[in-house]
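**Student:** Below you'll find query-v1.txt; it's compact mmCIF, C-alpha atoms and all ligand atoms.
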# COMPACT_ATOMS: atom_id res chain seq x y z
CA MET A 12 21.16 4.84 23.65
CA GLN A 13 18.26 5.70 21.32
CA PRO A 14 17.74 3.43 18.28
CA SER A 15 17.83 5.23 14.93
CA GLU A 16 14.58 5.65 13.04
CA LYS A 17 15.46 2.97 10.48
CA ALA A 18 15.69 0.38 13.27
CA LEU A 19 12.24 1.15 14.67
CA VAL A 20 9.57 -1.16 13.30
CA PRO A 21 5.94 0.00 13.08
CA PHE A 22 3.96 -2.28 15.41
CA VAL A 23 0.16 -2.48 15.07
CA SER A 24 -1.33 -3.79 18.32
CA VAL A 25 -4.82 -5.25 18.72
CA ASP A 26 -5.96 -1.86 19.99
CA HIS A 27 -4.43 -0.07 16.98
CA MET A 28 -6.08 -2.56 14.59
CA MET A 29 -9.50 -1.98 16.14
CA ARG A 30 -9.02 1.79 15.89
CA LEU A 31 -7.90 1.45 12.25
CA ILE A 32 -11.04 -0.59 11.47
CA HIS A 33 -13.28 2.04 13.05
CA HIS A 34 -11.38 4.81 11.25
CA ILE A 35 -11.80 3.18 7.82
CA GLY A 36 -15.08 1.33 8.51
CA LEU A 37 -15.26 -2.48 8.68
CA LYS A 38 -16.97 -3.06 5.35
CA PRO A 39 -14.85 -0.55 3.39
CA MET A 40 -11.75 -2.12 4.96
CA MET A 41 -12.76 -5.62 3.82
CA ALA A 42 -13.53 -4.21 0.36
CA GLY A 43 -10.09 -2.56 0.36
CA ILE A 44 -8.37 -5.80 1.35
CA ALA A 45 -10.36 -7.57 -1.38
CA ASP A 46 -8.92 -5.10 -3.91
CA TYR A 47 -5.38 -5.79 -2.67
CA ILE A 48 -6.04 -9.56 -2.92
CA ARG A 49 -7.27 -9.14 -6.51
CA ASP A 50 -4.16 -7.09 -7.36
CA ASP A 51 -1.82 -9.69 -5.87
CA PHE A 52 -3.66 -12.66 -7.42
CA ALA A 53 -3.32 -10.87 -10.79
CA ARG A 54 0.49 -11.08 -10.41
CA TRP A 55 0.40 -14.58 -8.89
CA GLU A 56 3.35 -15.86 -10.91
CA SER A 57 5.70 -13.23 -9.48
CA PHE A 58 5.38 -14.64 -5.93
CA ASP A 59 7.50 -17.25 -4.14
CA LYS A 60 5.00 -19.89 -3.10
CA THR A 61 5.15 -22.84 -0.74
CA PRO A 62 2.56 -24.82 1.22
CA ARG A 63 2.53 -23.42 4.74
CA VAL A 64 4.82 -25.04 7.29
CA ALA A 65 2.62 -26.83 9.81
CA SER A 66 3.43 -28.27 13.22
CA HIS A 67 0.60 -30.57 14.27
CA SER A 68 -0.29 -31.72 17.77
CA GLN A 69 -3.15 -33.70 19.29
CA GLU A 70 -5.05 -30.48 20.02
CA GLY A 71 -4.32 -28.33 17.00
CA VAL A 72 -1.78 -26.87 14.63
CA ILE A 73 0.74 -24.01 14.54
CA GLU A 74 1.63 -22.74 11.07
CA LEU A 75 4.02 -20.35 9.36
CA MET A 76 2.87 -18.85 6.06
CA PRO A 77 5.66 -17.14 4.09
CA THR A 78 5.73 -15.52 0.65
CA SER A 79 7.63 -12.84 -1.26
CA ASP A 80 7.14 -10.82 -4.44
CA GLY A 81 10.88 -10.13 -4.72
CA GLU A 82 10.60 -6.66 -3.19
CA THR A 83 8.67 -7.41 -0.03
CA TYR A 84 8.67 -10.53 2.11
CA GLY A 85 5.81 -11.46 4.43
CA PHE A 86 4.82 -14.19 6.82
CA LYS A 87 2.03 -14.99 9.25
CA TYR A 88 2.18 -17.08 12.41
CA VAL A 89 -1.22 -18.68 12.98
CA ASN A 90 -2.65 -21.42 15.15
CA GLY A 91 -5.81 -23.52 14.88
CA HIS A 92 -7.02 -25.13 18.13
CA PRO A 93 -10.74 -26.04 17.95
CA LYS A 94 -10.84 -26.99 21.66
CA ASN A 95 -9.54 -23.59 22.81
CA THR A 96 -12.94 -21.90 23.10
CA LYS A 97 -13.86 -24.29 25.97
CA ASP A 98 -10.96 -22.72 27.95
CA GLY A 99 -11.94 -19.17 27.03
CA LEU A 100 -9.24 -18.99 24.34
CA GLN A 101 -9.73 -18.41 20.62
CA THR A 102 -9.51 -21.16 18.00
CA VAL A 103 -7.40 -18.97 15.72
CA THR A 104 -4.83 -16.33 16.73
CA ALA A 105 -2.18 -14.77 14.52
CA PHE A 106 0.44 -12.11 14.02
CA GLY A 107 2.40 -11.19 10.92
CA LEU A 108 5.34 -9.31 9.49
CA LEU A 109 6.42 -7.59 6.29
CA ALA A 110 10.10 -7.03 5.46
CA ASP A 111 12.11 -5.20 2.82
CA VAL A 112 13.79 -7.86 0.66
CA ALA A 113 16.73 -5.55 -0.24
CA SER A 114 17.88 -5.04 3.38
CA GLY A 115 16.02 -7.86 5.11
CA TYR A 116 14.76 -5.31 7.66
CA PRO A 117 11.16 -5.70 8.89
CA VAL A 118 8.88 -2.80 7.92
CA LEU A 119 5.73 -3.91 9.78
CA LEU A 120 4.82 -6.15 12.69
CA THR A 121 1.12 -6.51 13.38
CA GLU A 122 -1.56 -8.42 15.18
CA MET A 123 -3.35 -10.66 12.68
CA THR A 124 -6.08 -12.40 14.66
CA ILE A 125 -8.55 -9.70 13.69
CA LEU A 126 -6.86 -9.07 10.34
CA THR A 127 -7.15 -12.79 9.46
CA ALA A 128 -10.92 -12.63 9.99
CA LEU A 129 -11.11 -9.63 7.64
CA ARG A 130 -8.88 -11.15 4.98
CA THR A 131 -10.61 -14.56 5.11
CA ALA A 132 -13.98 -12.85 4.67
CA ALA A 133 -12.61 -10.66 1.86
CA MET A 134 -11.19 -13.76 0.14
CA SER A 135 -14.52 -15.61 0.45
CA ALA A 136 -16.30 -12.67 -1.15
CA VAL A 137 -13.74 -12.29 -3.94
CA ALA A 138 -14.29 -15.98 -4.80
CA ALA A 139 -18.09 -15.81 -4.44
CA LYS A 140 -18.26 -12.76 -6.70
CA GLU A 141 -16.83 -14.95 -9.50
CA LEU A 142 -18.51 -18.23 -8.63
CA ALA A 143 -21.86 -17.65 -6.90
CA PRO A 144 -25.10 -17.69 -8.91
CA HIS A 145 -25.93 -14.39 -10.57
CA ASN A 146 -27.91 -12.16 -8.16
CA ALA A 147 -27.25 -14.42 -5.14
CA SER A 148 -29.01 -12.81 -2.19
CA VAL A 149 -29.23 -15.45 0.55
CA MET A 150 -26.35 -17.14 2.38
CA ALA A 151 -26.42 -20.00 4.87
CA MET A 152 -23.79 -19.40 7.55
CA ILE A 153 -22.99 -22.72 9.22
CA GLY A 154 -20.65 -22.27 12.19
CA ASN A 155 -21.35 -19.00 13.99
CA GLY A 156 -18.00 -18.52 15.73
CA ALA A 157 -15.32 -15.85 15.54
CA GLN A 158 -15.15 -15.66 11.73
CA SER A 159 -18.88 -15.70 11.04
CA GLU A 160 -19.98 -12.05 11.25
CA PHE A 161 -17.04 -10.98 9.07
CA GLN A 162 -18.02 -13.58 6.45
CA CYS A 163 -21.61 -12.31 6.40
CA LEU A 164 -20.63 -8.64 6.12
CA ALA A 165 -18.03 -9.14 3.38
CA MET A 166 -20.62 -11.07 1.36
CA GLN A 167 -23.11 -8.23 1.91
CA GLU A 168 -20.61 -5.56 0.89
CA ILE A 169 -18.91 -7.28 -2.04
CA VAL A 170 -21.44 -9.82 -3.37
CA GLY A 171 -24.66 -8.04 -2.42
CA ILE A 172 -26.42 -10.66 -0.28
CA ASP A 173 -29.23 -9.35 1.92
CA GLU A 174 -30.18 -12.41 4.05
CA VAL A 175 -28.10 -14.73 6.23
CA ARG A 176 -29.46 -17.96 7.68
CA LEU A 177 -27.51 -19.01 10.78
CA TRP A 178 -26.85 -22.47 12.21
CA ASP A 179 -24.43 -23.68 14.88
CA ILE A 180 -24.55 -26.70 17.18
CA ASP A 181 -24.11 -24.20 20.01
CA PRO A 182 -27.24 -21.98 20.23
CA ALA A 183 -25.23 -19.38 22.18
CA ALA A 184 -22.95 -18.90 19.15
CA THR A 185 -25.96 -18.33 16.88
CA ALA A 186 -27.50 -15.89 19.37
CA LYS A 187 -24.20 -13.97 19.53
CA CYS A 188 -23.89 -13.85 15.75
CA ALA A 189 -27.51 -12.77 15.28
CA ALA A 190 -27.15 -10.00 17.89
CA ASN A 191 -23.91 -8.76 16.30
CA LEU A 192 -25.53 -8.61 12.86
CA SER A 193 -28.79 -7.02 14.02
CA ALA A 194 -28.04 -3.45 12.90
CA THR A 195 -26.17 -4.22 9.68
CA GLY A 196 -29.02 -4.11 7.18
CA LEU A 197 -28.89 -7.90 6.73
CA ARG A 198 -32.02 -9.96 7.30
CA VAL A 199 -30.84 -12.43 9.95
CA VAL A 200 -32.61 -15.78 10.32
CA PRO A 201 -31.44 -18.07 13.15
CA CYS A 202 -32.23 -21.69 12.19
CA ARG A 203 -32.80 -24.95 14.07
CA SER A 204 -30.73 -27.19 11.80
CA ALA A 205 -28.22 -27.08 8.97
CA GLU A 206 -31.00 -28.27 6.64
CA ALA A 207 -33.17 -25.30 7.63
CA ALA A 208 -30.26 -22.90 7.20
CA ILE A 209 -29.58 -23.89 3.60
CA GLU A 210 -33.24 -23.57 2.53
CA GLY A 211 -33.39 -21.03 -0.29
CA ALA A 212 -29.71 -20.10 0.04
CA GLN A 213 -27.59 -19.65 -3.09
CA ILE A 214 -24.34 -19.47 -1.09
CA LEU A 215 -23.54 -22.08 1.59
CA THR A 216 -20.68 -21.08 3.88
CA THR A 217 -19.31 -23.73 6.23
CA CYS A 218 -17.07 -22.28 8.93
CA THR A 219 -16.98 -24.83 11.74
CA ALA A 220 -14.07 -25.90 13.89
CA ASP A 221 -13.53 -29.56 14.69
CA LYS A 222 -10.34 -31.57 14.27
CA GLN A 223 -11.94 -34.46 12.41
CA HIS A 224 -13.51 -35.49 9.10
CA ALA A 225 -16.92 -33.94 9.88
CA THR A 226 -19.98 -33.97 7.63
CA ILE A 227 -21.41 -30.49 7.96
CA LEU A 228 -23.03 -30.83 4.53
CA SER A 229 -24.10 -34.28 3.33
CA ASP A 230 -24.74 -35.03 -0.33
CA ASN A 231 -28.55 -34.94 -0.15
CA MET A 232 -28.52 -31.49 1.48
CA VAL A 233 -26.92 -29.71 -1.47
CA GLY A 234 -29.00 -28.98 -4.55
CA SER A 235 -27.38 -28.12 -7.87
CA GLY A 236 -26.64 -24.55 -8.80
CA VAL A 237 -25.39 -23.34 -5.41
CA HIS A 238 -21.98 -21.98 -4.47
CA ILE A 239 -20.28 -23.60 -1.46
CA ASN A 240 -17.76 -21.51 0.44
CA ALA A 241 -15.99 -24.12 2.61
CA ILE A 242 -13.68 -22.47 5.10
CA GLY A 243 -13.41 -24.74 8.14
CA GLY A 244 -11.69 -27.73 6.49
CA ASP A 245 -8.12 -26.46 6.49
CA CYS A 246 -5.91 -29.17 8.00
CA PRO A 247 -5.05 -32.82 7.32
CA GLY A 248 -7.87 -34.86 8.89
CA LYS A 249 -10.15 -31.77 9.23
CA THR A 250 -12.89 -31.50 6.58
CA GLU A 251 -16.55 -30.43 6.43
CA LEU A 252 -18.10 -31.83 3.25
CA ALA A 253 -19.25 -35.29 2.20
CA ALA A 254 -16.94 -36.54 -0.57
CA ALA A 255 -19.93 -37.07 -2.91
CA ILE A 256 -20.48 -33.29 -2.99
CA LEU A 257 -16.92 -32.79 -4.19
CA HIS A 258 -17.42 -35.27 -7.03
CA ARG A 259 -20.29 -33.25 -8.50
CA SER A 260 -18.83 -29.79 -7.89
CA ASP A 261 -16.46 -27.66 -9.92
CA ILE A 262 -13.72 -27.01 -7.40
CA PHE A 263 -11.74 -23.78 -7.11
CA VAL A 264 -8.68 -23.49 -4.86
CA GLU A 265 -5.99 -21.04 -3.83
CA TYR A 266 -2.70 -22.94 -4.18
CA PRO A 267 -3.17 -26.63 -5.15
CA PRO A 268 -0.02 -28.01 -3.44
CA GLN A 269 -1.31 -26.67 -0.12
CA THR A 270 -5.02 -27.36 -0.66
CA ARG A 271 -4.40 -30.99 -1.63
CA ILE A 272 -2.85 -31.47 1.83
CA GLU A 273 -5.28 -29.37 3.86
CA GLY A 274 -8.53 -28.74 2.00
CA GLU A 275 -11.69 -30.70 1.31
CA ILE A 276 -9.89 -32.20 -1.69
CA GLN A 277 -7.62 -34.21 0.62
CA GLN A 278 -10.56 -36.66 0.33
CA LEU A 279 -10.04 -36.97 -3.46
CA ALA A 280 -7.40 -38.50 -5.72
CA PRO A 281 -4.25 -36.34 -5.91
CA ASP A 282 -4.88 -35.65 -9.61
CA HIS A 283 -8.57 -34.70 -9.28
CA PRO A 284 -9.04 -31.61 -11.49
CA VAL A 285 -9.28 -28.25 -9.73
CA THR A 286 -9.13 -24.66 -11.00
CA GLU A 287 -6.78 -22.12 -9.43
CA LEU A 288 -8.73 -19.04 -8.41
CA TRP A 289 -6.06 -16.61 -9.63
CA GLN A 290 -6.67 -17.88 -13.17
CA VAL A 291 -10.38 -17.09 -12.86
CA LEU A 292 -9.56 -13.62 -11.55
CA THR A 293 -7.23 -12.94 -14.49
CA GLY A 294 -9.77 -14.29 -16.99
CA ALA A 295 -7.50 -17.19 -18.04
CA LYS A 296 -10.07 -19.77 -16.85
CA PRO A 297 -13.87 -19.51 -16.53
CA GLY A 298 -15.61 -19.24 -13.17
CA ARG A 299 -19.32 -20.10 -13.13
CA THR A 300 -20.46 -21.10 -16.61
CA SER A 301 -24.07 -22.23 -16.01
CA ALA A 302 -26.93 -21.81 -13.56
CA ALA A 303 -27.00 -25.56 -12.84
CA GLN A 304 -23.32 -25.78 -11.94
CA THR A 305 -22.39 -26.43 -8.31
CA THR A 306 -19.26 -24.45 -7.49
CA LEU A 307 -17.03 -24.99 -4.47
CA PHE A 308 -14.37 -22.64 -3.14
CA ASP A 309 -12.23 -25.03 -1.08
CA SER A 310 -10.70 -22.30 1.08
CA VAL A 311 -7.74 -23.06 3.33
CA GLY A 312 -6.14 -19.60 3.51
CA PHE A 313 -2.94 -18.90 1.57
CA ALA A 314 0.08 -16.73 2.34
CA ILE A 315 -0.53 -14.29 -0.54
CA GLU A 316 -3.87 -13.26 1.03
CA ASP A 317 -2.05 -12.40 4.25
CA PHE A 318 0.58 -10.54 2.24
CA SER A 319 -2.22 -8.49 0.63
CA ALA A 320 -3.78 -7.73 4.03
CA LEU A 321 -0.39 -6.76 5.47
CA ARG A 322 0.28 -4.45 2.49
CA PHE A 323 -3.11 -2.85 3.01
CA VAL A 324 -2.38 -2.17 6.68
CA LEU A 325 1.12 -0.80 5.99
CA ASP A 326 -0.30 1.61 3.39
CA ARG A 327 -3.14 2.76 5.65
CA ILE A 328 -1.13 3.42 8.83
CA GLN A 329 1.25 5.89 7.14
CA GLY A 330 0.85 9.27 8.84
CA THR A 331 -1.57 7.95 11.49
CA SER A 332 -1.33 7.13 15.19
CA PHE A 333 -2.45 3.54 14.60
CA TYR A 334 0.98 2.04 15.32
CA HIS A 335 3.82 2.20 17.79
CA PRO A 336 7.50 2.42 16.71
CA LEU A 337 8.93 -0.78 18.17
CA ASP A 338 12.55 -1.12 19.32
CA LEU A 339 12.84 -4.57 17.71
CA LEU A 340 16.17 -4.47 15.88
CA ALA A 341 19.59 -4.05 17.51
CA ASP A 342 21.16 -0.90 16.07
CA PRO A 343 24.85 -0.44 16.99
CA ASP A 344 26.51 2.79 15.74
CA ASP A 345 29.16 0.58 14.13
CA PRO A 346 27.17 -2.26 12.53
CA ARG A 347 29.99 -4.71 13.32
CA ASP A 348 30.26 -3.70 16.99
CA LEU A 349 27.20 -5.48 18.36
CA PHE A 350 29.31 -6.70 21.31
CA GLY A 351 30.48 -3.19 22.16
CA MET A 352 26.89 -1.92 22.12
CA VAL A 353 25.87 -4.62 24.60
CA MET A 354 28.83 -3.91 26.91
CA ARG A 355 28.30 -0.14 26.88
CA ALA A 356 24.71 -0.70 28.06
CA SER A 357 26.06 -1.71 31.51
P1 LIG B 401 -14.69 -20.76 16.31
O1 LIG B 401 -14.21 -21.89 17.18
O2 LIG B 401 -14.77 -19.39 16.88
O3 LIG B 401 -16.13 -21.12 15.72
C1 LIG B 401 -16.46 -22.37 15.18
C2 LIG B 401 -17.95 -22.62 15.41
O4 LIG B 401 -18.30 -23.85 14.74
C3 LIG B 401 -18.33 -22.78 16.87
O5 LIG B 401 -19.32 -21.84 17.22
C4 LIG B 401 -18.84 -24.23 16.96
O6 LIG B 401 -19.89 -24.39 17.89
C5 LIG B 401 -19.30 -24.46 15.53
N1 LIG B 401 -19.43 -25.87 15.14
C6 LIG B 401 -18.58 -26.89 15.41
N2 LIG B 401 -19.05 -28.04 14.87
C7 LIG B 401 -20.21 -27.72 14.24
C8 LIG B 401 -21.16 -28.46 13.48
N3 LIG B 401 -21.01 -29.77 13.29
N4 LIG B 401 -22.22 -27.82 12.97
C9 LIG B 401 -22.39 -26.47 13.16
N5 LIG B 401 -21.53 -25.71 13.88
C10 LIG B 401 -20.45 -26.33 14.40
O7 LIG B 401 -13.73 -20.79 15.04
P2 LIG B 401 -13.51 -19.65 13.93
O8 LIG B 401 -12.38 -18.78 14.31
O9 LIG B 401 -14.82 -19.04 13.56
O10 LIG B 401 -12.99 -20.56 12.73
C11 LIG B 401 -13.87 -21.47 12.11
C12 LIG B 401 -13.09 -22.39 11.21
O11 LIG B 401 -12.52 -21.66 10.13
C13 LIG B 401 -11.92 -23.08 11.91
O12 LIG B 401 -11.92 -24.44 11.53
C14 LIG B 401 -10.69 -22.37 11.38
O13 LIG B 401 -9.56 -23.21 11.35
C15 LIG B 401 -11.16 -22.01 9.98
N6 LIG B 401 -10.48 -20.85 9.37
C16 LIG B 401 -10.19 -20.94 8.05
C17 LIG B 401 -9.60 -19.87 7.41
C18 LIG B 401 -9.32 -19.94 5.93
O14 LIG B 401 -8.65 -19.07 5.40
N7 LIG B 401 -9.86 -20.90 5.24
C19 LIG B 401 -9.27 -18.71 8.13
C20 LIG B 401 -9.60 -18.64 9.48
C21 LIG B 401 -10.22 -19.73 10.09
Could you take the file, read its structure, and then write that structure out as structure tokens?
Ligand code: NAD
**Tutor:**
Amino acid sequence: MQPSEKALVPFVSVDHMMRLIHHIGLKPMMAGIADYIRDDFARWESFDKTPRVASHSQEGVIELMPTSDGETYGFKYVNGHPKNTKDGLQTVTAFGLLADVASGYPVLLTEMTILTALRTAAMSAVAAKELAPHNASVMAMIGNGAQSEFQCLAMQEIVGIDEVRLWDIDPAATAKCAANLSATGLRVVPCRSAEAAIEGAQILTTCTADKQHATILSDNMVGSGVHINAIGGDCPGKTELAAAILHRSDIFVEYPPQTRIEGEIQQLAPDHPVTELWQVLTGAKPGRTSAAQTTLFDSVGFAIEDFSALRFVLDRIQGTSFYHPLDLLADPDDPRDLFGMVMRAS
């Protein structure tokens, strides 16, 4: 029995996603996702929001990230296992789904390991565009793993940086990142320490993976006037910045109930003032107000960003060969005769 067309769900595999990226172009695709994020953050109040549902273990975390705008529902499954790379596995893998709220039927199932890297980079750049010093041109990239090249290229495309200064405790990661960025138009400077990497940088991105309260940036390393884009602290007990930096920064977050559990601000009092980024993007609250201000985007990754990225992919695969119609939903001729459909299959 052939399933009807309405029961076939477009499935975007890893191979499809890579072909879609090459079809659109990596930087235009991140810029496109950034536009979708801005659109969705502008209608922030129309979304169902909840901190993501996390299942922690000794080695890592598995999370579900749901949201809905009333018409479309989306979720992402994502893990974070910093020790995985030692076994040849990735720290972060993900897949995601969009569904039609009216029928509950899925309308898209897609890989999201690659898409998460694009959306996280797009989100960083959307925030930095509002918060980084005017004419920022140099970024320190601390942690040169899977996310790093995407972060550098989104900042080049959307914020206009032209130099990245790389540092990782593993020289092989820095060498990989530098080689991958060699033909991108960025000036790439591998550095011998975090201190050397932040020299002359207006944007400091921390994107390390370690399941502990780490101190990637200590207080004396950070001068005033910079923008910190802190990505790697995204779980209880997993942070990257010395608390003293937080106390002298203006802190911008995605969704406070989630960030207070997972972000750098887990180190602060639960009522420490923070600004929600969507309010900056809508003009309701100011972003950077002076050259001396130290701004911090305490990024943890929120479901609405994944929803935006999923919407972008669904829109772009229409009429292309970048998906496979997946026989995911049982589709009996008589919707109440599921049993009969199973028996007839014998
Ligand atoms: P990865 O494991 O591929 O890379 C992490 C890199 O950090 C490695 O190269 C490692 O050597 C380096 N590192 C570890 N400790 C360091 C230190 N003290 N100083 C300098 N470098 C150090 O991981 P990834 O996929 O690139 O992810 C990086 C981090 O970003 C993870 O913690 C992940 O959970 C987080 N992340 C956050 C978001 C978000 O939306 N905020 C999205 C995706 C990933």
**Student:** Go through the chains and note each residue within 7 Å of ligand LIG 401 (chain B), using only C-alpha atoms and all ligand atoms, then give the set as a ChimeraX atom specification.
**Tutor:** /A:91,93,96,101-103,127-128,131,153-159,178-181,184,218-221,225,227,242-245,310-313
**Student:** Skipping near chain neighbours, those fewer than 2 positions away, what residues fall within 12 Å of Asp26 in chain A using only C-alpha atoms, listed as a list of chain:residue names?
**Tutor:**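 Within the cut-off, the hits are A:Phe22, A:Val23, A:Ser24, A:Met28, A:Met29, A:Arg30, A:Leu31, A:Ile32, A:His33, A:Thr121, A:Glu122, A:Met123, A:Thr124, A:Ile125, A:Ser332, A:Phe333, A:Tyr334, A:His335.
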**Student:** Excluding range 47-61 of chain A and residues on its chain fewer than 3 positions from it, collect all residues at most 10 Å away from it, counting only C-alpha atoms, and give them as a VMD selection string.
**Tutor:** chain A and resid 41 to 44 64 76 to 84 130 133 to 134 137 to 138 265 to 266 268 to 269 288 to 294 313 to 323
**Student:** Store the residues picked out above in a file with C-alpha atoms, as a PDB file, keeping the file's coordinate frame.
**Tutor:**
ATOM      1  CA  MET A  41     -12.760  -5.620   3.820  1.00  0.00           C
ATOM      2  CA  ALA A  42     -13.530  -4.210   0.360  1.00  0.00           C
ATOM      3  CA  GLY A  43     -10.090  -2.560   0.360  1.00  0.00           C
ATOM      4  CA  ILE A  44      -8.370  -5.800   1.350  1.00  0.00           C
ATOM      5  CA  VAL A  64       4.820 -25.040   7.290  1.00  0.00           C
ATOM      6  CA  MET A  76       2.870 -18.850   6.060  1.00  0.00           C
ATOM      7  CA  PRO A  77       5.660 -17.140   4.090  1.00  0.00           C
ATOM      8  CA  THR A  78       5.730 -15.520   0.650  1.00  0.00           C
ATOM      9  CA  SER A  79       7.630 -12.840  -1.260  1.00  0.00           C
ATOM     10  CA  ASP A  80       7.140 -10.820  -4.440  1.00  0.00           C
ATOM     11  CA  GLY A  81      10.880 -10.130  -4.720  1.00  0.00           C
ATOM     12  CA  GLU A  82      10.600  -6.660  -3.190  1.00  0.00           C
ATOM     13  CA  THR A  83       8.670  -7.410  -0.030  1.00  0.00           C
ATOM     14  CA  TYR A  84       8.670 -10.530   2.110  1.00  0.00           C
ATOM     15  CA  ARG A 130      -8.880 -11.150   4.980  1.00  0.00           C
ATOM     16  CA  ALA A 133     -12.610 -10.660   1.860  1.00  0.00           C
ATOM     17  CA  MET A 134     -11.190 -13.760   0.140  1.00  0.00           C
ATOM     18  CA  VAL A 137     -13.740 -12.290  -3.940  1.00  0.00           C
ATOM     19  CA  ALA A 138     -14.290 -15.980  -4.800  1.00  0.00           C
ATOM     20  CA  GLU A 265      -5.990 -21.040  -3.830  1.00  0.00           C
ATOM     21  CA  TYR A 266      -2.700 -22.940  -4.180  1.00  0.00           C
ATOM     22  CA  PRO A 268      -0.020 -28.010  -3.440  1.00  0.00           C
ATOM     23  CA  GLN A 269      -1.310 -26.670  -0.120  1.00  0.00           C
ATOM     24  CA  LEU A 288      -8.730 -19.040  -8.410  1.00  0.00           C
ATOM     25  CA  TRP A 289      -6.060 -16.610  -9.630  1.00  0.00           C
ATOM     26  CA  GLN A 290      -6.670 -17.880 -13.170  1.00  0.00           C
ATOM     27  CA  VAL A 291     -10.380 -17.090 -12.860  1.00  0.00           C
ATOM     28  CA  LEU A 292      -9.560 -13.620 -11.550  1.00  0.00           C
ATOM     29  CA  THR A 293      -7.230 -12.940 -14.490  1.00  0.00           C
ATOM     30  CA  GLY A 294      -9.770 -14.290 -16.990  1.00  0.00           C
ATOM     31  CA  PHE A 313      -2.940 -18.900   1.570  1.00  0.00           C
ATOM     32  CA  ALA A 314       0.080 -16.730   2.340  1.00  0.00           C
ATOM     33  CA  ILE A 315      -0.530 -14.290  -0.540  1.00  0.00           C
ATOM     34  CA  GLU A 316      -3.870 -13.260   1.030  1.00  0.00           C
ATOM     35  CA  ASP A 317      -2.050 -12.400   4.250  1.00  0.00           C
ATOM     36  CA  PHE A 318       0.580 -10.540   2.240  1.00  0.00           C
ATOM     37  CA  SER A 319      -2.220  -8.490   0.630  1.00  0.00           C
ATOM     38  CA  ALA A 320      -3.780  -7.730   4.030  1.00  0.00           C
ATOM     39  CA  LEU A 321      -0.390  -6.760   5.470  1.00  0.00           C
ATOM     40  CA  ARG A 322       0.280  -4.450   2.490  1.00  0.00           C
ATOM     41  CA  PHE A 323      -3.110  -2.850   3.010  1.00  0.00           C
TER      42      PHE A 323
END
**Student:** From the list A:Pro182, A:Pro336, A:Gly298, A:Pro201, which residue is nearest Pro117 in chain A when using only C-alpha atoms?
**Tutor:**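 Smallest separation from Pro117 in chain A among the options: A:Pro336.
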**Student:** For a quick check of your reading of the model, name the residues lying within 8 Å of the coordinate (-30.1, -22.8, 0.8), counting only C-alpha atoms, and write them as number ranges by chain.
**Tutor:** A: 149-151, 207-215, 233, 237
**Student:** Find, counting all atoms listed in the file, the residue in A:Val285, A:Val170, A:Ala18, A:Ala356 that gets nearest to Ser114 in chain A.
**Tutor:** A:Ala18
**Student:** What's the separation between CA of Glu160 in chain A and CA of Ile35 in chain A, in Å to one decimal place?
**Tutor:**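 The value is 17.6 Å.
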